[in-house]
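Engineer: What follows is target12.pdb; its format and atoms are PDB, C-alpha atoms.
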ATOM      1  CA  MET A   1      55.502 -48.502 -37.721  1.00  0.00           C
ATOM      2  CA  THR A   2      55.000 -50.356 -34.440  1.00  0.00           C
ATOM      3  CA  TYR A   3      58.575 -49.740 -33.331  1.00  0.00           C
ATOM      4  CA  LEU A   4      58.229 -46.112 -34.341  1.00  0.00           C
ATOM      5  CA  LYS A   5      55.082 -45.686 -32.259  1.00  0.00           C
ATOM      6  CA  MET A   6      56.752 -47.441 -29.315  1.00  0.00           C
ATOM      7  CA  GLY A   7      59.761 -45.115 -29.442  1.00  0.00           C
ATOM      8  CA  GLN A   8      62.186 -47.914 -30.282  1.00  0.00           C
ATOM      9  CA  TRP A   9      64.164 -45.866 -32.786  1.00  0.00           C
ATOM     10  CA  ASP A  10      66.953 -48.343 -33.569  1.00  0.00           C
ATOM     11  CA  SER A  11      64.509 -51.174 -34.251  1.00  0.00           C
ATOM     12  CA  ALA A  12      62.362 -48.883 -36.406  1.00  0.00           C
ATOM     13  CA  ILE A  13      65.389 -47.799 -38.436  1.00  0.00           C
ATOM     14  CA  ASP A  14      66.452 -51.427 -38.905  1.00  0.00           C
ATOM     15  CA  ASP A  15      62.997 -52.500 -40.085  1.00  0.00           C
ATOM     16  CA  TYR A  16      62.553 -49.586 -42.470  1.00  0.00           C
ATOM     17  CA  SER A  17      66.082 -50.076 -43.840  1.00  0.00           C
ATOM     18  CA  SER A  18      65.313 -53.749 -44.471  1.00  0.00           C
ATOM     19  CA  ALA A  19      62.200 -52.828 -46.443  1.00  0.00           C
ATOM     20  CA  LEU A  20      64.172 -50.263 -48.431  1.00  0.00           C
ATOM     21  CA  ARG A  21      66.683 -52.920 -49.515  1.00  0.00           C
ATOM     22  CA  PHE A  22      63.818 -54.560 -51.439  1.00  0.00           C
ATOM     23  CA  ASP A  23      62.250 -51.318 -52.675  1.00  0.00           C
ATOM     24  CA  PRO A  24      64.455 -48.218 -52.322  1.00  0.00           C
ATOM     25  CA  LYS A  25      61.590 -45.953 -53.366  1.00  0.00           C
ATOM     26  CA  LEU A  26      59.089 -47.083 -50.730  1.00  0.00           C
ATOM     27  CA  ALA A  27      57.895 -43.717 -49.443  1.00  0.00           C
ATOM     28  CA  SER A  28      56.428 -45.042 -46.194  1.00  0.00           C
ATOM     29  CA  SER A  29      59.718 -46.676 -45.225  1.00  0.00           C
ATOM     30  CA  LEU A  30      61.739 -43.606 -46.136  1.00  0.00           C
ATOM     31  CA  TYR A  31      59.426 -41.377 -44.127  1.00  0.00           C
ATOM     32  CA  GLY A  32      59.291 -43.689 -41.111  1.00  0.00           C
ATOM     33  CA  ARG A  33      63.043 -44.120 -41.087  1.00  0.00           C
ATOM     34  CA  GLY A  34      63.435 -40.370 -41.403  1.00  0.00           C
ATOM     35  CA  LEU A  35      61.231 -39.771 -38.369  1.00  0.00           C
ATOM     36  CA  ALA A  36      63.164 -42.340 -36.332  1.00  0.00           C
ATOM     37  CA  LYS A  37      66.473 -40.768 -37.360  1.00  0.00           C
ATOM     38  CA  LEU A  38      65.217 -37.345 -36.306  1.00  0.00           C
ATOM     39  CA  LYS A  39      64.154 -38.720 -32.918  1.00  0.00           C
ATOM     40  CA  LYS A  40      67.670 -40.128 -32.488  1.00  0.00           C
ATOM     41  CA  GLY A  41      69.198 -36.745 -33.301  1.00  0.00           C
ATOM     42  CA  ASP A  42      70.328 -37.497 -36.863  1.00  0.00           C
ATOM     43  CA  THR A  43      68.910 -34.333 -38.394  1.00  0.00           C
ATOM     44  CA  ALA A  44      70.700 -34.588 -41.739  1.00  0.00           C
ATOM     45  CA  GLY A  45      69.786 -38.247 -42.268  1.00  0.00           C
ATOM     46  CA  GLY A  46      66.216 -37.756 -41.115  1.00  0.00           C
ATOM     47  CA  ASP A  47      65.653 -34.698 -43.254  1.00  0.00           C
ATOM     48  CA  ALA A  48      67.099 -36.472 -46.312  1.00  0.00           C
ATOM     49  CA  ASP A  49      64.841 -39.509 -45.887  1.00  0.00           C
ATOM     50  CA  ILE A  50      61.761 -37.355 -45.320  1.00  0.00           C
ATOM     51  CA  ALA A  51      62.513 -35.180 -48.354  1.00  0.00           C
ATOM     52  CA  ALA A  52      62.950 -38.297 -50.510  1.00  0.00           C
ATOM     53  CA  ALA A  53      59.659 -39.731 -49.221  1.00  0.00           C
ATOM     54  CA  LYS A  54      57.786 -36.491 -49.949  1.00  0.00           C
ATOM     55  CA  ALA A  55      59.238 -36.393 -53.472  1.00  0.00           C
ATOM     56  CA  ILE A  56      57.907 -39.891 -54.127  1.00  0.00           C
ATOM     57  CA  GLU A  57      54.534 -39.489 -52.410  1.00  0.00           C
ATOM     58  CA  ALA A  58      53.309 -35.989 -51.611  1.00  0.00           C
ATOM     59  CA  THR A  59      50.624 -37.218 -49.196  1.00  0.00           C
ATOM     60  CA  ILE A  60      52.975 -39.226 -46.965  1.00  0.00           C
ATOM     61  CA  VAL A  61      52.905 -36.728 -44.072  1.00  0.00           C
ATOM     62  CA  GLY A  62      49.113 -36.886 -43.895  1.00  0.00           C
ATOM     63  CA  ASP A  63      49.158 -40.656 -44.167  1.00  0.00           C
ATOM     64  CA  PHE A  64      51.409 -40.982 -41.114  1.00  0.00           C
ATOM     65  CA  ALA A  65      49.455 -38.311 -39.225  1.00  0.00           C
ATOM     66  CA  ARG A  66      46.264 -40.362 -39.644  1.00  0.00           C
ATOM     67  CA  TYR A  67      48.042 -43.193 -37.842  1.00  0.00           C
ATOM     68  CA  GLY A  68      49.112 -40.862 -35.048  1.00  0.00           C
ATOM     69  CA  VAL A  69      52.770 -40.701 -36.064  1.00  0.00           C
ATOM     70  CA  GLN A  70      54.401 -37.304 -36.566  1.00  0.00           C
TER      71      GLN A  70
END
If you took the structure in this file and wrote it as structure tokens, what would it be?

Structural biologist:
Amino acid sequence: MTYLKMGQWDSAIDDYSSALRFDPKLASSLYGRGLAKLKKGDTAGGDADIAAAKAIEATIVGDFARYGVQ
């Protein structure tokens, strides 16, 4: 999440992707990677990750908002 908050999209995507290799259903990593992809202009990839995260954990948007990440 640190890279995401710092606007370092490639590093955020790499970190979240690494976490997802160990647990492909980790909602926080899917959502964070989705946000980073959207910021980079990958609308399809970002939307897919975010939709998958929301399907796993309905409260994920609020969780990230509490940390100041949207």

Engineer: Compare A:Gly32, A:Gly46, A:Gly41, A:Gly7 by their minimum atom-to-atom distance to Phe64 (chain A), counting all atoms listed in the file, and give me the closest one.

Structural biologist: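 Answer, going by the shortest atom-to-atom distance: A:Gly32.
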
Engineer: I'd like to see the residues matched by the PyMOL selection byres ((chain A and resi 68) around 12) on this file, and ideally I'd get them as an NGL selection string.

Structural biologist: :A and (1-2 or 4-6 or 61-67 or 69-70)

Engineer: May I have the residues from that selection written out with C-alpha atoms, as a compact mmCIF listing (two decimals), in the frame of the given file?

Structural biologist:
# COMPACT_ATOMS: atom_id res chain seq x y z
CA MET A 1 55.50 -48.50 -37.72
CA THR A 2 55.00 -50.36 -34.44
CA LEU A 4 58.23 -46.11 -34.34
CA LYS A 5 55.08 -45.69 -32.26
CA MET A 6 56.75 -47.44 -29.32
CA VAL A 61 52.90 -36.73 -44.07
CA GLY A 62 49.11 -36.89 -43.90
CA ASP A 63 49.16 -40.66 -44.17
CA PHE A 64 51.41 -40.98 -41.11
CA ALA A 65 49.46 -38.31 -39.22
CA ARG A 66 46.26 -40.36 -39.64
CA TYR A 67 48.04 -43.19 -37.84
CA VAL A 69 52.77 -40.70 -36.06
CA GLN A 70 54.40 -37.30 -36.57

Engineer: Considering only C-alpha atoms, return as a list in words whatever protein or nucleic-acid residues lie within 12 Å of region 50-57 of chain A, sequence-local ones (same chain, fewer than 4 positions apart) excluded.

Structural biologist: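 What passes the distance filter is Leu20, Pro24, Lys25, Leu26, Ala27, Ser28, Ser29, Leu30, Tyr31, Gly32, Arg33, Gly34, Leu35, Ala36, Lys37, Leu38, Thr43, Ala44, Gly45, Gly46, Val61, Gly62, Asp63, Phe64 and Gln70 of chain A.
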
Engineer: Tell me, in Å to one decimal, how far CA of Asp47 (chain A) is from CA of Tyr16 (chain A).

Structural biologist: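 For CA of Asp47 (chain A) relative to CA of Tyr16 (chain A), the distance reads 15.2 Å.
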
Engineer: So, with only C-alpha atoms as the atoms that count, which of A:Asp15, A:Ala48, A:Asp23, A:Ala58 lies closest to Tyr3 (chain A)?

Structural biologist: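 That would be A:Asp15, the residue with the smallest distance to Tyr3 (chain A).
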